[in-house]
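Structure file target00.pdb (PDB, C-alpha atoms and all ligand atoms) is printed below.
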ATOM      1  CA  MET A   1     101.332  31.215  -7.935  1.00  0.00           C
ATOM      2  CA  LEU A   2      99.218  31.556 -11.050  1.00  0.00           C
ATOM      3  CA  HIS A   3      96.088  32.570  -9.238  1.00  0.00           C
ATOM      4  CA  GLN A   4      94.747  34.647 -12.054  1.00  0.00           C
ATOM      5  CA  ALA A   5      95.443  35.362 -15.659  1.00  0.00           C
ATOM      6  CA  ILE A   6      97.479  38.497 -16.066  1.00  0.00           C
ATOM      7  CA  ALA A   7      97.921  40.373 -19.280  1.00  0.00           C
ATOM      8  CA  HIS A   8     101.413  39.680 -20.414  1.00  0.00           C
ATOM      9  CA  ASN A   9     103.873  42.253 -21.383  1.00  0.00           C
ATOM     10  CA  ASP A  10     104.528  44.135 -24.567  1.00  0.00           C
ATOM     11  CA  PRO A  11     105.932  41.485 -26.906  1.00  0.00           C
ATOM     12  CA  ALA A  12     108.261  44.092 -28.405  1.00  0.00           C
ATOM     13  CA  THR A  13     110.225  44.256 -25.164  1.00  0.00           C
ATOM     14  CA  PRO A  14     109.551  41.046 -23.267  1.00  0.00           C
ATOM     15  CA  PRO A  15     111.298  40.991 -19.913  1.00  0.00           C
ATOM     16  CA  HIS A  16     113.209  37.884 -18.938  1.00  0.00           C
ATOM     17  CA  TRP A  17     111.805  35.950 -15.983  1.00  0.00           C
ATOM     18  CA  SER A  18     114.886  36.854 -13.972  1.00  0.00           C
ATOM     19  CA  ASP A  19     113.801  40.520 -14.092  1.00  0.00           C
ATOM     20  CA  TYR A  20     111.110  39.633 -11.533  1.00  0.00           C
ATOM     21  CA  VAL A  21     113.508  38.027  -9.037  1.00  0.00           C
ATOM     22  CA  VAL A  22     114.274  40.018  -5.880  1.00  0.00           C
ATOM     23  CA  ASP A  23     116.216  39.363  -2.717  1.00  0.00           C
ATOM     24  CA  GLN A  24     114.084  37.484  -0.204  1.00  0.00           C
ATOM     25  CA  ASN A  25     115.508  39.826   2.429  1.00  0.00           C
ATOM     26  CA  TRP A  26     114.809  37.172   5.045  1.00  0.00           C
ATOM     27  CA  SER A  27     116.313  39.227   7.869  1.00  0.00           C
ATOM     28  CA  ALA A  28     113.619  41.886   7.307  1.00  0.00           C
ATOM     29  CA  PHE A  29     110.824  39.560   8.428  1.00  0.00           C
ATOM     30  CA  SER A  30     109.618  40.593  11.882  1.00  0.00           C
ATOM     31  CA  ALA A  31     109.140  38.343  14.886  1.00  0.00           C
ATOM     32  CA  ASP A  32     105.406  38.570  14.262  1.00  0.00           C
ATOM     33  CA  ASP A  33     105.853  37.537  10.609  1.00  0.00           C
ATOM     34  CA  HIS A  34     107.631  34.394  11.811  1.00  0.00           C
ATOM     35  CA  ALA A  35     104.956  33.824  14.437  1.00  0.00           C
ATOM     36  CA  VAL A  36     102.261  34.046  11.737  1.00  0.00           C
ATOM     37  CA  TRP A  37     104.120  31.397   9.717  1.00  0.00           C
ATOM     38  CA  ASP A  38     104.330  29.143  12.781  1.00  0.00           C
ATOM     39  CA  LEU A  39     100.628  29.593  13.499  1.00  0.00           C
ATOM     40  CA  LEU A  40      99.687  28.844   9.892  1.00  0.00           C
ATOM     41  CA  PHE A  41     102.033  25.866   9.686  1.00  0.00           C
ATOM     42  CA  THR A  42     100.844  24.196  12.880  1.00  0.00           C
ATOM     43  CA  ARG A  43      97.203  24.853  12.151  1.00  0.00           C
ATOM     44  CA  GLN A  44      97.448  23.534   8.592  1.00  0.00           C
ATOM     45  CA  VAL A  45      99.388  20.367   9.408  1.00  0.00           C
ATOM     46  CA  ASP A  46      96.784  19.554  12.059  1.00  0.00           C
ATOM     47  CA  LEU A  47      93.972  20.321   9.655  1.00  0.00           C
ATOM     48  CA  LEU A  48      95.333  18.239   6.783  1.00  0.00           C
ATOM     49  CA  GLY A  49      96.022  15.148   8.857  1.00  0.00           C
ATOM     50  CA  SER A  50      95.806  12.221   6.485  1.00  0.00           C
ATOM     51  CA  ARG A  51      93.597  14.031   3.956  1.00  0.00           C
ATOM     52  CA  VAL A  52      96.614  14.963   1.814  1.00  0.00           C
ATOM     53  CA  VAL A  53      98.629  12.767  -0.572  1.00  0.00           C
ATOM     54  CA  THR A  54     101.608  11.033   1.043  1.00  0.00           C
ATOM     55  CA  PRO A  55     104.338  12.707  -1.078  1.00  0.00           C
ATOM     56  CA  PHE A  56     103.277  16.058   0.387  1.00  0.00           C
ATOM     57  CA  LEU A  57     103.927  14.850   3.930  1.00  0.00           C
ATOM     58  CA  ASP A  58     107.206  13.251   2.822  1.00  0.00           C
ATOM     59  CA  GLY A  59     108.225  16.585   1.283  1.00  0.00           C
ATOM     60  CA  LEU A  60     107.520  18.498   4.485  1.00  0.00           C
ATOM     61  CA  ASP A  61     109.883  16.158   6.318  1.00  0.00           C
ATOM     62  CA  LEU A  62     112.608  16.042   3.689  1.00  0.00           C
ATOM     63  CA  LEU A  63     112.695  19.846   3.436  1.00  0.00           C
ATOM     64  CA  ARG A  64     112.720  20.271   7.233  1.00  0.00           C
ATOM     65  CA  LEU A  65     109.750  22.605   6.895  1.00  0.00           C
ATOM     66  CA  SER A  66     108.620  22.051  10.476  1.00  0.00           C
ATOM     67  CA  LYS A  67     111.547  24.172  11.617  1.00  0.00           C
ATOM     68  CA  PRO A  68     110.030  27.302  13.223  1.00  0.00           C
ATOM     69  CA  GLY A  69     109.870  30.539  11.269  1.00  0.00           C
ATOM     70  CA  ILE A  70     109.542  31.542   7.629  1.00  0.00           C
ATOM     71  CA  PRO A  71     112.005  29.443   5.626  1.00  0.00           C
ATOM     72  CA  ASP A  72     115.132  31.138   4.336  1.00  0.00           C
ATOM     73  CA  LEU A  73     115.039  30.288   0.613  1.00  0.00           C
ATOM     74  CA  ALA A  74     118.797  29.740   0.461  1.00  0.00           C
ATOM     75  CA  GLU A  75     118.485  27.061   3.135  1.00  0.00           C
ATOM     76  CA  LEU A  76     115.338  25.623   1.565  1.00  0.00           C
ATOM     77  CA  ASN A  77     117.145  25.279  -1.766  1.00  0.00           C
ATOM     78  CA  ARG A  78     119.988  23.378  -0.105  1.00  0.00           C
ATOM     79  CA  HIS A  79     117.469  20.644   0.696  1.00  0.00           C
ATOM     80  CA  LEU A  80     115.328  20.979  -2.429  1.00  0.00           C
ATOM     81  CA  THR A  81     117.667  21.428  -5.378  1.00  0.00           C
ATOM     82  CA  PRO A  82     119.798  18.277  -4.947  1.00  0.00           C
ATOM     83  CA  ARG A  83     116.636  16.161  -4.970  1.00  0.00           C
ATOM     84  CA  THR A  84     114.843  17.178  -8.175  1.00  0.00           C
ATOM     85  CA  GLY A  85     116.703  20.191  -9.533  1.00  0.00           C
ATOM     86  CA  TRP A  86     114.029  22.692  -8.490  1.00  0.00           C
ATOM     87  CA  LYS A  87     115.100  26.015  -7.026  1.00  0.00           C
ATOM     88  CA  THR A  88     112.987  28.695  -5.355  1.00  0.00           C
ATOM     89  CA  VAL A  89     113.467  32.425  -5.961  1.00  0.00           C
ATOM     90  CA  ALA A  90     111.813  35.405  -4.292  1.00  0.00           C
ATOM     91  CA  VAL A  91     109.449  37.717  -6.174  1.00  0.00           C
ATOM     92  CA  GLU A  92     107.400  40.685  -5.009  1.00  0.00           C
ATOM     93  CA  GLY A  93     104.038  39.163  -5.920  1.00  0.00           C
ATOM     94  CA  LEU A  94     102.284  37.609  -8.869  1.00  0.00           C
ATOM     95  CA  VAL A  95     104.475  37.454 -11.946  1.00  0.00           C
ATOM     96  CA  PRO A  96     102.941  37.556 -15.436  1.00  0.00           C
ATOM     97  CA  ASP A  97     101.944  34.176 -16.800  1.00  0.00           C
ATOM     98  CA  ASP A  98     104.615  34.166 -19.513  1.00  0.00           C
ATOM     99  CA  ALA A  99     107.386  34.780 -16.960  1.00  0.00           C
ATOM    100  CA  PHE A 100     105.868  32.188 -14.604  1.00  0.00           C
ATOM    101  CA  PHE A 101     105.815  29.494 -17.283  1.00  0.00           C
ATOM    102  CA  ALA A 102     109.338  30.443 -18.403  1.00  0.00           C
ATOM    103  CA  MET A 103     110.530  29.952 -14.827  1.00  0.00           C
ATOM    104  CA  LEU A 104     108.949  26.497 -14.683  1.00  0.00           C
ATOM    105  CA  THR A 105     110.800  25.408 -17.832  1.00  0.00           C
ATOM    106  CA  GLU A 106     114.036  25.922 -15.867  1.00  0.00           C
ATOM    107  CA  ARG A 107     112.697  24.358 -12.664  1.00  0.00           C
ATOM    108  CA  ILE A 108     112.561  27.743 -10.973  1.00  0.00           C
ATOM    109  CA  PHE A 109     109.624  28.452  -8.676  1.00  0.00           C
ATOM    110  CA  PRO A 110     108.680  31.991  -7.569  1.00  0.00           C
ATOM    111  CA  ILE A 111     107.933  32.635  -3.896  1.00  0.00           C
ATOM    112  CA  GLY A 112     106.210  35.815  -2.723  1.00  0.00           C
ATOM    113  CA  ASN A 113     108.585  37.705  -0.434  1.00  0.00           C
ATOM    114  CA  PHE A 114     105.830  38.587   2.054  1.00  0.00           C
ATOM    115  CA  ILE A 115     103.472  36.862   4.446  1.00  0.00           C
ATOM    116  CA  ARG A 116      99.852  37.668   5.216  1.00  0.00           C
ATOM    117  CA  ARG A 117      99.048  39.715   8.302  1.00  0.00           C
ATOM    118  CA  ARG A 118      97.713  38.149  11.448  1.00  0.00           C
ATOM    119  CA  GLU A 119      94.308  39.778  10.938  1.00  0.00           C
ATOM    120  CA  GLU A 120      93.863  38.195   7.503  1.00  0.00           C
ATOM    121  CA  LEU A 121      94.937  34.625   8.136  1.00  0.00           C
ATOM    122  CA  ASP A 122      92.228  33.144   5.954  1.00  0.00           C
ATOM    123  CA  TYR A 123      91.890  35.693   3.182  1.00  0.00           C
ATOM    124  CA  LEU A 124      94.532  36.407   0.608  1.00  0.00           C
ATOM    125  CA  GLU A 125      94.547  39.022  -2.134  1.00  0.00           C
ATOM    126  CA  GLU A 126      97.446  37.201  -3.765  1.00  0.00           C
ATOM    127  CA  PRO A 127      99.581  34.199  -2.865  1.00  0.00           C
ATOM    128  CA  ASP A 128     102.081  34.841  -0.079  1.00  0.00           C
ATOM    129  CA  CYS A 129     105.085  32.818   0.991  1.00  0.00           C
ATOM    130  CA  PHE A 130     102.940  30.469   3.064  1.00  0.00           C
ATOM    131  CA  HIS A 131     100.902  29.454   0.030  1.00  0.00           C
ATOM    132  CA  ASP A 132     103.937  29.321  -2.233  1.00  0.00           C
ATOM    133  CA  ILE A 133     106.242  27.400   0.111  1.00  0.00           C
ATOM    134  CA  PHE A 134     103.919  25.260   2.206  1.00  0.00           C
ATOM    135  CA  GLY A 135     101.528  24.568  -0.655  1.00  0.00           C
ATOM    136  CA  HIS A 136     103.853  24.011  -3.590  1.00  0.00           C
ATOM    137  CA  VAL A 137     107.383  23.182  -2.550  1.00  0.00           C
ATOM    138  CA  PRO A 138     106.889  19.874  -0.670  1.00  0.00           C
ATOM    139  CA  MET A 139     105.483  18.281  -3.833  1.00  0.00           C
ATOM    140  CA  MET A 140     108.489  19.427  -5.877  1.00  0.00           C
ATOM    141  CA  VAL A 141     110.551  16.842  -4.027  1.00  0.00           C
ATOM    142  CA  ASP A 142     108.470  14.189  -5.765  1.00  0.00           C
ATOM    143  CA  PRO A 143     109.955  13.351  -9.188  1.00  0.00           C
ATOM    144  CA  ARG A 144     106.496  13.136 -10.747  1.00  0.00           C
ATOM    145  CA  MET A 145     105.361  16.614  -9.701  1.00  0.00           C
ATOM    146  CA  ALA A 146     108.846  17.909 -10.504  1.00  0.00           C
ATOM    147  CA  ARG A 147     108.413  16.632 -14.072  1.00  0.00           C
ATOM    148  CA  LEU A 148     104.785  17.725 -14.364  1.00  0.00           C
ATOM    149  CA  MET A 149     105.560  21.302 -13.344  1.00  0.00           C
ATOM    150  CA  GLU A 150     108.457  21.658 -15.758  1.00  0.00           C
ATOM    151  CA  HIS A 151     106.373  20.306 -18.621  1.00  0.00           C
ATOM    152  CA  VAL A 152     103.536  22.679 -17.792  1.00  0.00           C
ATOM    153  CA  GLY A 153     106.119  25.424 -18.199  1.00  0.00           C
ATOM    154  CA  HIS A 154     106.967  24.276 -21.728  1.00  0.00           C
ATOM    155  CA  LEU A 155     103.292  23.840 -22.627  1.00  0.00           C
ATOM    156  CA  GLY A 156     102.357  27.207 -21.150  1.00  0.00           C
ATOM    157  CA  THR A 157     105.122  29.022 -22.987  1.00  0.00           C
ATOM    158  CA  ALA A 158     104.001  27.548 -26.309  1.00  0.00           C
ATOM    159  CA  ALA A 159     100.325  28.109 -25.553  1.00  0.00           C
ATOM    160  CA  ILE A 160     100.803  31.791 -24.692  1.00  0.00           C
ATOM    161  CA  ALA A 161     102.753  32.330 -27.907  1.00  0.00           C
ATOM    162  CA  ALA A 162      99.747  30.892 -29.749  1.00  0.00           C
ATOM    163  CA  GLY A 163      97.246  33.020 -27.805  1.00  0.00           C
ATOM    164  CA  ARG A 164      95.937  29.947 -25.956  1.00  0.00           C
ATOM    165  CA  GLY A 165      97.553  30.347 -22.551  1.00  0.00           C
ATOM    166  CA  VAL A 166      94.274  29.902 -20.730  1.00  0.00           C
ATOM    167  CA  GLU A 167      94.161  26.228 -21.711  1.00  0.00           C
ATOM    168  CA  ILE A 168      97.410  25.464 -19.906  1.00  0.00           C
ATOM    169  CA  ALA A 169      96.510  27.731 -16.995  1.00  0.00           C
ATOM    170  CA  ARG A 170      93.437  25.508 -16.579  1.00  0.00           C
ATOM    171  CA  LEU A 171      95.496  22.326 -16.880  1.00  0.00           C
ATOM    172  CA  TYR A 172      97.816  23.558 -14.156  1.00  0.00           C
ATOM    173  CA  TRP A 173      94.923  24.712 -12.005  1.00  0.00           C
ATOM    174  CA  HIS A 174      93.058  21.390 -12.089  1.00  0.00           C
ATOM    175  CA  SER A 175      96.188  19.407 -11.204  1.00  0.00           C
ATOM    176  CA  ALA A 176      99.005  21.150  -9.306  1.00  0.00           C
ATOM    177  CA  GLU A 177      96.922  24.004  -7.876  1.00  0.00           C
ATOM    178  CA  PHE A 178      93.442  22.698  -7.006  1.00  0.00           C
ATOM    179  CA  GLY A 179      93.490  19.030  -8.021  1.00  0.00           C
ATOM    180  CA  LEU A 180      92.514  16.041  -5.917  1.00  0.00           C
ATOM    181  CA  CYS A 181      94.092  12.615  -6.351  1.00  0.00           C
ATOM    182  CA  ARG A 182      93.206   9.039  -5.519  1.00  0.00           C
ATOM    183  CA  GLU A 183      95.607   7.254  -3.211  1.00  0.00           C
ATOM    184  CA  SER A 184      94.950   3.778  -1.798  1.00  0.00           C
ATOM    185  CA  GLY A 185      91.340   4.071  -2.891  1.00  0.00           C
ATOM    186  CA  GLU A 186      90.679   7.367  -1.129  1.00  0.00           C
ATOM    187  CA  VAL A 187      90.335  10.852  -2.588  1.00  0.00           C
ATOM    188  CA  LYS A 188      93.136  13.003  -1.173  1.00  0.00           C
ATOM    189  CA  ILE A 189      94.209  16.615  -1.501  1.00  0.00           C
ATOM    190  CA  LEU A 190      96.915  17.210  -4.113  1.00  0.00           C
ATOM    191  CA  GLY A 191      96.885  20.863  -5.179  1.00  0.00           C
ATOM    192  CA  ALA A 192      98.788  23.651  -3.439  1.00  0.00           C
ATOM    193  CA  GLY A 193      95.772  25.944  -3.304  1.00  0.00           C
ATOM    194  CA  LEU A 194      94.041  23.304  -1.211  1.00  0.00           C
ATOM    195  CA  THR A 195      96.917  22.105   0.953  1.00  0.00           C
ATOM    196  CA  SER A 196      97.563  25.711   1.990  1.00  0.00           C
ATOM    197  CA  SER A 197      93.899  26.696   2.532  1.00  0.00           C
ATOM    198  CA  PHE A 198      92.261  26.539   5.940  1.00  0.00           C
ATOM    199  CA  GLY A 199      88.709  26.637   4.603  1.00  0.00           C
ATOM    200  CA  GLU A 200      88.917  24.834   1.293  1.00  0.00           C
ATOM    201  CA  ALA A 201      91.058  21.848   2.273  1.00  0.00           C
ATOM    202  CA  HIS A 202      88.246  20.033   4.071  1.00  0.00           C
ATOM    203  CA  PHE A 203      85.600  21.405   1.729  1.00  0.00           C
ATOM    204  CA  SER A 204      87.301  19.946  -1.333  1.00  0.00           C
ATOM    205  CA  VAL A 205      87.290  16.379  -0.062  1.00  0.00           C
ATOM    206  CA  GLU A 206      84.296  16.351   2.291  1.00  0.00           C
ATOM    207  CA  ASP A 207      81.549  18.637   0.983  1.00  0.00           C
ATOM    208  CA  LEU A 208      78.622  16.519  -0.125  1.00  0.00           C
ATOM    209  CA  GLN A 209      77.383  18.858  -2.853  1.00  0.00           C
ATOM    210  CA  VAL A 210      80.472  19.989  -4.736  1.00  0.00           C
ATOM    211  CA  ALA A 211      81.235  18.226  -8.021  1.00  0.00           C
ATOM    212  CA  ARG A 212      84.254  15.910  -8.221  1.00  0.00           C
ATOM    213  CA  VAL A 213      84.961  14.606 -11.697  1.00  0.00           C
ATOM    214  CA  PRO A 214      87.786  12.482 -13.107  1.00  0.00           C
ATOM    215  CA  PHE A 215      90.839  14.426 -14.288  1.00  0.00           C
ATOM    216  CA  THR A 216      91.617  14.199 -17.967  1.00  0.00           C
ATOM    217  CA  VAL A 217      93.821  16.631 -19.842  1.00  0.00           C
ATOM    218  CA  ALA A 218      91.017  17.389 -22.305  1.00  0.00           C
ATOM    219  CA  ALA A 219      88.509  18.140 -19.554  1.00  0.00           C
ATOM    220  CA  ALA A 220      91.005  20.188 -17.566  1.00  0.00           C
ATOM    221  CA  MET A 221      91.976  22.359 -20.540  1.00  0.00           C
ATOM    222  CA  ALA A 222      88.302  23.024 -21.289  1.00  0.00           C
ATOM    223  CA  THR A 223      87.097  23.748 -17.735  1.00  0.00           C
ATOM    224  CA  PRO A 224      87.245  27.300 -16.319  1.00  0.00           C
ATOM    225  CA  TYR A 225      88.179  27.897 -12.699  1.00  0.00           C
ATOM    226  CA  LYS A 226      87.559  30.432  -9.949  1.00  0.00           C
ATOM    227  CA  HIS A 227      90.403  32.417  -8.424  1.00  0.00           C
ATOM    228  CA  ASP A 228      88.322  34.429  -5.956  1.00  0.00           C
ATOM    229  CA  SER A 229      86.134  31.799  -4.275  1.00  0.00           C
ATOM    230  CA  PHE A 230      86.006  28.088  -3.534  1.00  0.00           C
ATOM    231  CA  GLN A 231      85.999  25.972  -6.656  1.00  0.00           C
ATOM    232  CA  PRO A 232      82.616  24.810  -7.954  1.00  0.00           C
ATOM    233  CA  LEU A 233      84.249  21.606  -9.187  1.00  0.00           C
ATOM    234  CA  TYR A 234      87.361  19.553  -8.423  1.00  0.00           C
ATOM    235  CA  MET A 235      89.139  17.178 -10.770  1.00  0.00           C
ATOM    236  CA  VAL A 236      90.313  13.922  -9.287  1.00  0.00           C
ATOM    237  CA  SER A 237      93.441  12.353 -10.708  1.00  0.00           C
ATOM    238  CA  GLN A 238      93.352   8.579 -10.833  1.00  0.00           C
ATOM    239  CA  SER A 239      96.955   8.656  -9.621  1.00  0.00           C
ATOM    240  CA  LEU A 240      99.837  11.100  -9.707  1.00  0.00           C
ATOM    241  CA  ASP A 241     101.661   8.754 -12.102  1.00  0.00           C
ATOM    242  CA  ILE A 242      98.779   8.712 -14.569  1.00  0.00           C
ATOM    243  CA  THR A 243      98.226  12.479 -14.501  1.00  0.00           C
ATOM    244  CA  THR A 244     101.936  13.219 -14.828  1.00  0.00           C
ATOM    245  CA  ASP A 245     102.274  10.860 -17.773  1.00  0.00           C
ATOM    246  CA  ALA A 246      99.172  12.315 -19.438  1.00  0.00           C
ATOM    247  CA  ILE A 247     100.373  15.917 -19.100  1.00  0.00           C
ATOM    248  CA  CYS A 248     103.926  15.090 -20.149  1.00  0.00           C
ATOM    249  CA  ALA A 249     102.602  13.276 -23.223  1.00  0.00           C
ATOM    250  CA  LEU A 250     101.267  16.598 -24.543  1.00  0.00           C
ATOM    251  CA  ASP A 251     103.615  18.039 -27.148  1.00  0.00           C
ATOM    252  CA  PRO A 252     104.143  21.813 -26.883  1.00  0.00           C
ATOM    253  CA  ALA A 253     104.159  21.809 -30.684  1.00  0.00           C
ATOM    254  CA  MET A 254     100.408  21.181 -30.528  1.00  0.00           C
ATOM    255  CA  PHE A 255      99.956  24.937 -30.108  1.00  0.00           C
TER
HETATM  256 FE    FE B   1      99.832  28.487  -6.284  1.00  0.00          FE
END

Write the structure described by the file as structure tokens, please.
Ligand SMILES: [Fe+2]
Amino acid sequence: MLHQAIAHNDPATPPHWSDYVVDQNWSAFSADDHAVWDLLFTRQVDLLGSRVVTPFLDGLDLLRLSKPGIPDLAELNRHLTPRTGWKTVAVEGLVPDDAFFAMLTERIFPIGNFIRRREELDYLEEPDCFHDIFGHVPMMVDPRMARLMEHVGHLGTAAIAAGRGVEIARLYWHSAEFGLCRESGEVKILGAGLTSSFGEAHFSVEDLQVARVPFTVAAAMATPYKHDSFQPLYMVSQSLDITTDAICALDPAMF
């Protein structure tokens, strides 16, 4: 989620984040929808190999995500919520940034209630349940990402109220969404937009021309991003501990 800035709603009648929640309606997914998930899952696990941070692979196992078919969110939550308090909910598509950040403050993560079609495996107009579940949810089992995401919610809520939401959207983008991270001396994939992307996963860590710069909160908040093409630049966290501590040290009252 949070693939593009969306104008938020009339402040006179702000909807609550729960207004965007819908039934996942899992039984409505077709056999081909489930087959598309299985194809994407198998292909992406093979592609990632050891290029991704270890907590991501641990999360896949702990959440039993290798089970065939699109995950039923109720079952997913039975594995997820007891570990770090995060809970997934279904939404129809992108939710406005203010509702998205409000969800994060309560450790709620929105999951698109649809999956891409077989003929558009590698191109997405907006994040579907493969991006949202496969990309994001495994890392929510890790206490550091669990904490980082919640704090981004508090920061984003305060930033939007101050008219500075883009700064926290960038911070989120360059860490949880498209960040890289050092692990045992190697640069690994961290962000959900990369872990769930067939084309950009390898590109982000292997392309010889693309810029990779150290992650700092100041640089991240000041650096624009692309939501409709590969990133021109990736930020590399020194470690997930260091980036989490740096983001969580930001006081929402700064806005
Ligand atoms: Fe995302």

How would you write, as a PyMOL selection string, the set of residues no farther than 10 Å from ligand FE 1 (chain B) when counting all atoms listed in the file? chain A and resi 1-4+94+110-111+126-129+131-137+172-173+176-178+191-194+196

Determine the residue membership of the PyMOL selection byres (((chain A and resi 112-124) around 10) and not hetatm) for the file above and supply it as a PyMOL selection string. chain A and resi 1+21-26+28-29+32-37+39-40+70+73+89-95+110-111+125-133+196-199+228

Can you spit out the residues from that selection as a tab-separated table (two decimals), in the coordinates of the input, using C-alpha atoms?
chain	number	residue	atom	x	y	z
A	1	MET	CA	101.33	31.22	-7.94
A	21	VAL	CA	113.51	38.03	-9.04
A	22	VAL	CA	114.27	40.02	-5.88
A	23	ASP	CA	116.22	39.36	-2.72
A	24	GLN	CA	114.08	37.48	-0.20
A	25	ASN	CA	115.51	39.83	2.43
A	26	TRP	CA	114.81	37.17	5.04
A	28	ALA	CA	113.62	41.89	7.31
A	29	PHE	CA	110.82	39.56	8.43
A	32	ASP	CA	105.41	38.57	14.26
A	33	ASP	CA	105.85	37.54	10.61
A	34	HIS	CA	107.63	34.39	11.81
A	35	ALA	CA	104.96	33.82	14.44
A	36	VAL	CA	102.26	34.05	11.74
A	37	TRP	CA	104.12	31.40	9.72
A	39	LEU	CA	100.63	29.59	13.50
A	40	LEU	CA	99.69	28.84	9.89
A	70	ILE	CA	109.54	31.54	7.63
A	73	LEU	CA	115.04	30.29	0.61
A	89	VAL	CA	113.47	32.42	-5.96
A	90	ALA	CA	111.81	35.40	-4.29
A	91	VAL	CA	109.45	37.72	-6.17
A	92	GLU	CA	107.40	40.68	-5.01
A	93	GLY	CA	104.04	39.16	-5.92
A	94	LEU	CA	102.28	37.61	-8.87
A	95	VAL	CA	104.48	37.45	-11.95
A	110	PRO	CA	108.68	31.99	-7.57
A	111	ILE	CA	107.93	32.64	-3.90
A	125	GLU	CA	94.55	39.02	-2.13
A	126	GLU	CA	97.45	37.20	-3.76
A	127	PRO	CA	99.58	34.20	-2.86
A	128	ASP	CA	102.08	34.84	-0.08
A	129	CYS	CA	105.08	32.82	0.99
A	130	PHE	CA	102.94	30.47	3.06
A	131	HIS	CA	100.90	29.45	0.03
A	132	ASP	CA	103.94	29.32	-2.23
A	133	ILE	CA	106.24	27.40	0.11
A	196	SER	CA	97.56	25.71	1.99
A	197	SER	CA	93.90	26.70	2.53
A	198	PHE	CA	92.26	26.54	5.94
A	199	GLY	CA	88.71	26.64	4.60
A	228	ASP	CA	88.32	34.43	-5.96

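Residues matched by the PyMOL selection byres (((chain A and resi 166) around 10) and not hetatm) in this file: Gln4, Ala5, Asp97, Gly156, Ala159, Ile160, Gly163, Arg164, Gly165, Glu167, Ile168, Ala169, Arg170, Leu171, Tyr172, Met221, Ala222, Thr223 and Pro224 of chain A.
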
For the atom pair atom CA of Ala158 of chain A and atom CA of Tyr234 of chain A, what is the interatomic distance in Å to one decimal place? 25.7 Å

Got a sec to resolve the PyMOL selection byres (((chain A and resi 233) around 10) and not hetatm) on this structure and send the residues as an MDAnalysis selection string? chainID A and resid 174 178:179 204 209:213 223:226 230:232 234:236

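For the set A:Ser229, A:Thr13, A:Thr84, A:Thr244, the residue with the smallest atom-to-atom gap to Pro143 of chain A is A:Thr84, counting only C-alpha atoms.
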
Top pick for closest residue to Arg182 of chain A, considering A:Ile108, A:Leu240, A:Met145, A:Leu63 and counting all atoms listed in the file: A:Leu240

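The space between atom CA of Glu206 of chain A and atom CA of Lys188 of chain A spans 10.1 Å.
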
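Here atom CA of Met103 of chain A and atom CA of Ala218 of chain A stand 24.4 Å from one another.
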
Near-Thr216 of chain A list (8 Å; only C-alpha atoms; drop same-chain fewer than 4 positions) as an MDAnalysis selection string: chainID A and resid 220 237 243 246

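Counting only C-alpha atoms, the residue from A:Pro96, A:Pro252, A:Gly49, A:Gly59 that sits nearest to Ala201 of chain A is A:Gly49.
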
Within 9 Å of (108.9, 18.3, -11.8) (coordinates as in the file), grab all the protein and nucleic acid residues, counting all atoms listed in the file, and write them out as a VMD selection string. chain A and resid 84 to 86 104 107 139 to 151
